[in-house]
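Asks: Take a look at this one; I'll ask things after.
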Amino acid sequence: MTRERFNWILMGLIVGIALAMLGVTASQSADLPTGQALVDARIAQLKKAGGAMQFFGQYDGSDQTAAAAAAKILDDVAADLVSWFPEGSGPGGPGIEKTRALPAIWANFADFEAKAKAMDDAVGLMTVAAASNDVAAIKTAMGEVGKACKACHEAYRGPEEE
Ligand code: HEC
């Protein structure tokens with residue numbers, strides 16, 4: 001192989017690797033929308049969690065499949081919660097018109113993460129309780145999850161728009 005031919009192959013390899021790396025980062029950031037669409041999407045997620053909590057509030061033990069599905073919704077929301085709050089997705093962030101997320105989130109991000117983790121832990125209790133369809137345990141778990149929602153809202157969610 002000539003030296004020149006070798007150089008071309010090498011160049012092709014480097015370009016190929018660079019493109020592959022770009023592809024990876026592009027697909028990662030494509031997961032989340034940006035600006036107001038991100039805020040709207042995270043609110044939609046949290047509303048699903050609100051719906052699951054409403055379900056448990058009225059639950060009488062008659063539908064274990066639905067209980068397990070509602071616990072799964074809480075689990076999914078808890079697992080992704082922190083990633084729905086990237087830097088710059090608060091008030092005044094690029095493309096953001098309206099959000100109740102307070103700037104304090106990003107000033108105290110470790111605490112915000114701890115509050116999300118507290119929700120995740122409480123949801124763990126709910127997952128176990130729902131799997132055994134134990135209504136008393138479900139009500140106890142609901143109290144714990146509710147406390148975790150409230151603790152974060154009190155610190156990091158602003159008032160409703162008037
Ligand atoms: C770690 C913090 C945190 C936890 C835990 C949390 N939330 Fe929130 N939640 C927020 C923030 C911040 C907002 C405002 C988001 C925005 O407007 O961009 C919000 C918004 C919401 C909304 C959207 C409607 C609104 O008020 O604007 C609902 C519904 C909601 N949360 C329900 C829940 C429920 C139910 C739980 C518990 C199962 C929960 N949240 C747990 C931080 C949290």
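We label chains A, B, ... in the order they appear in the structure tokens, count residues from 1 in each chain, and number ligands from 1 in the order shown.
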Could you report the residues within 7 Å of ligand 1, using only C-alpha atoms and all ligand atoms, as a PyMOL selection string?
Replies: chain A and resi 39+42-43+46-47+49-50+53+74+81-82+99-102+112-113+115-116+119+145-146+148-150+152-153+156-157+160
Asks: If you run DSSP on the backbone here, which positions in range 95-151 of chain A get alpha helix (DSSP H)? Please write them as a PyMOL selection string.
Replies: chain A and resi 104-107+109-131+135-151
Asks: So, with only C-alpha atoms as the atoms that count, which of A:Gly57, A:Ala66, A:Ala104, A:Lys98 lies closest to Glu154 in chain A?
Replies: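 Closest to Glu154 in chain A, using only C-alpha atoms: A:Ala104.
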Asks: Which residue, A:Ile96, A:Val77, A:Ile138, A:Val123, has the smallest gap to Ala37 in chain A when you use only C-alpha atoms?
Replies: A:Ile96
Asks: What is the CA of Pro33 in chain A-CA of Ala71 in chain A distance in Å, reported with one decimal?
Replies: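 Separation of CA of Pro33 in chain A and CA of Ala71 in chain A: 25.6 Å.
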Asks: Using only C-alpha atoms, determine which residues lie at most 12 Å from Gly124 in chain A, disregarding the query and same-chain residues fewer than 4 positions distant; provide the list as a list in words.
Replies: Ala68, Ala71, Lys72, Ile73, Leu74, Asp75, Asp76, Ala78, Ala79, Lys117, Ala118, Met119, Asp120, Val128, Ala129, Ala130, Ala131, Ala137, Ile138, Ala141, Met142, Glu144 and Val145 of chain A
Asks: What's the separation between CA of Asn133 in chain A and CA of Ala67 in chain A, in Å to one decimal place?
Replies: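 One can read the CA of Asn133 in chain A to CA of Ala67 in chain A distance as 7.4 Å.
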Asks: For Gly90 in chain A, which of A:Pro103, A:Gly61, A:Gly143, A:Gly51 is the closest residue, counting only C-alpha atoms?
Replies: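 Among the listed residues, A:Pro103 lies closest to Gly90 in chain A.
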Asks: Compare A:Ala151, A:Ala69, A:Ala44, A:Ala52 by their minimum atom-to-atom distance to Asp111 in chain A, counting only C-alpha atoms, and give me the closest one.
Replies: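 Under the stated criterion, the closest residue is A:Ala151.
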Asks: Between CA of Ala122 in chain A and CA of Val135 in chain A, measure the distance and give it in Å to one decimal.
Replies: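 Going from CA of Ala122 in chain A over to CA of Val135 in chain A covers 15.7 Å.
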Asks: From the list A:Phe56, A:Asp31, A:Ala70, A:Ile105, which residue is nearest Glu87 in chain A when using only C-alpha atoms?
Replies: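 Counting only C-alpha atoms, the residue closest to Glu87 in chain A is A:Ile105.
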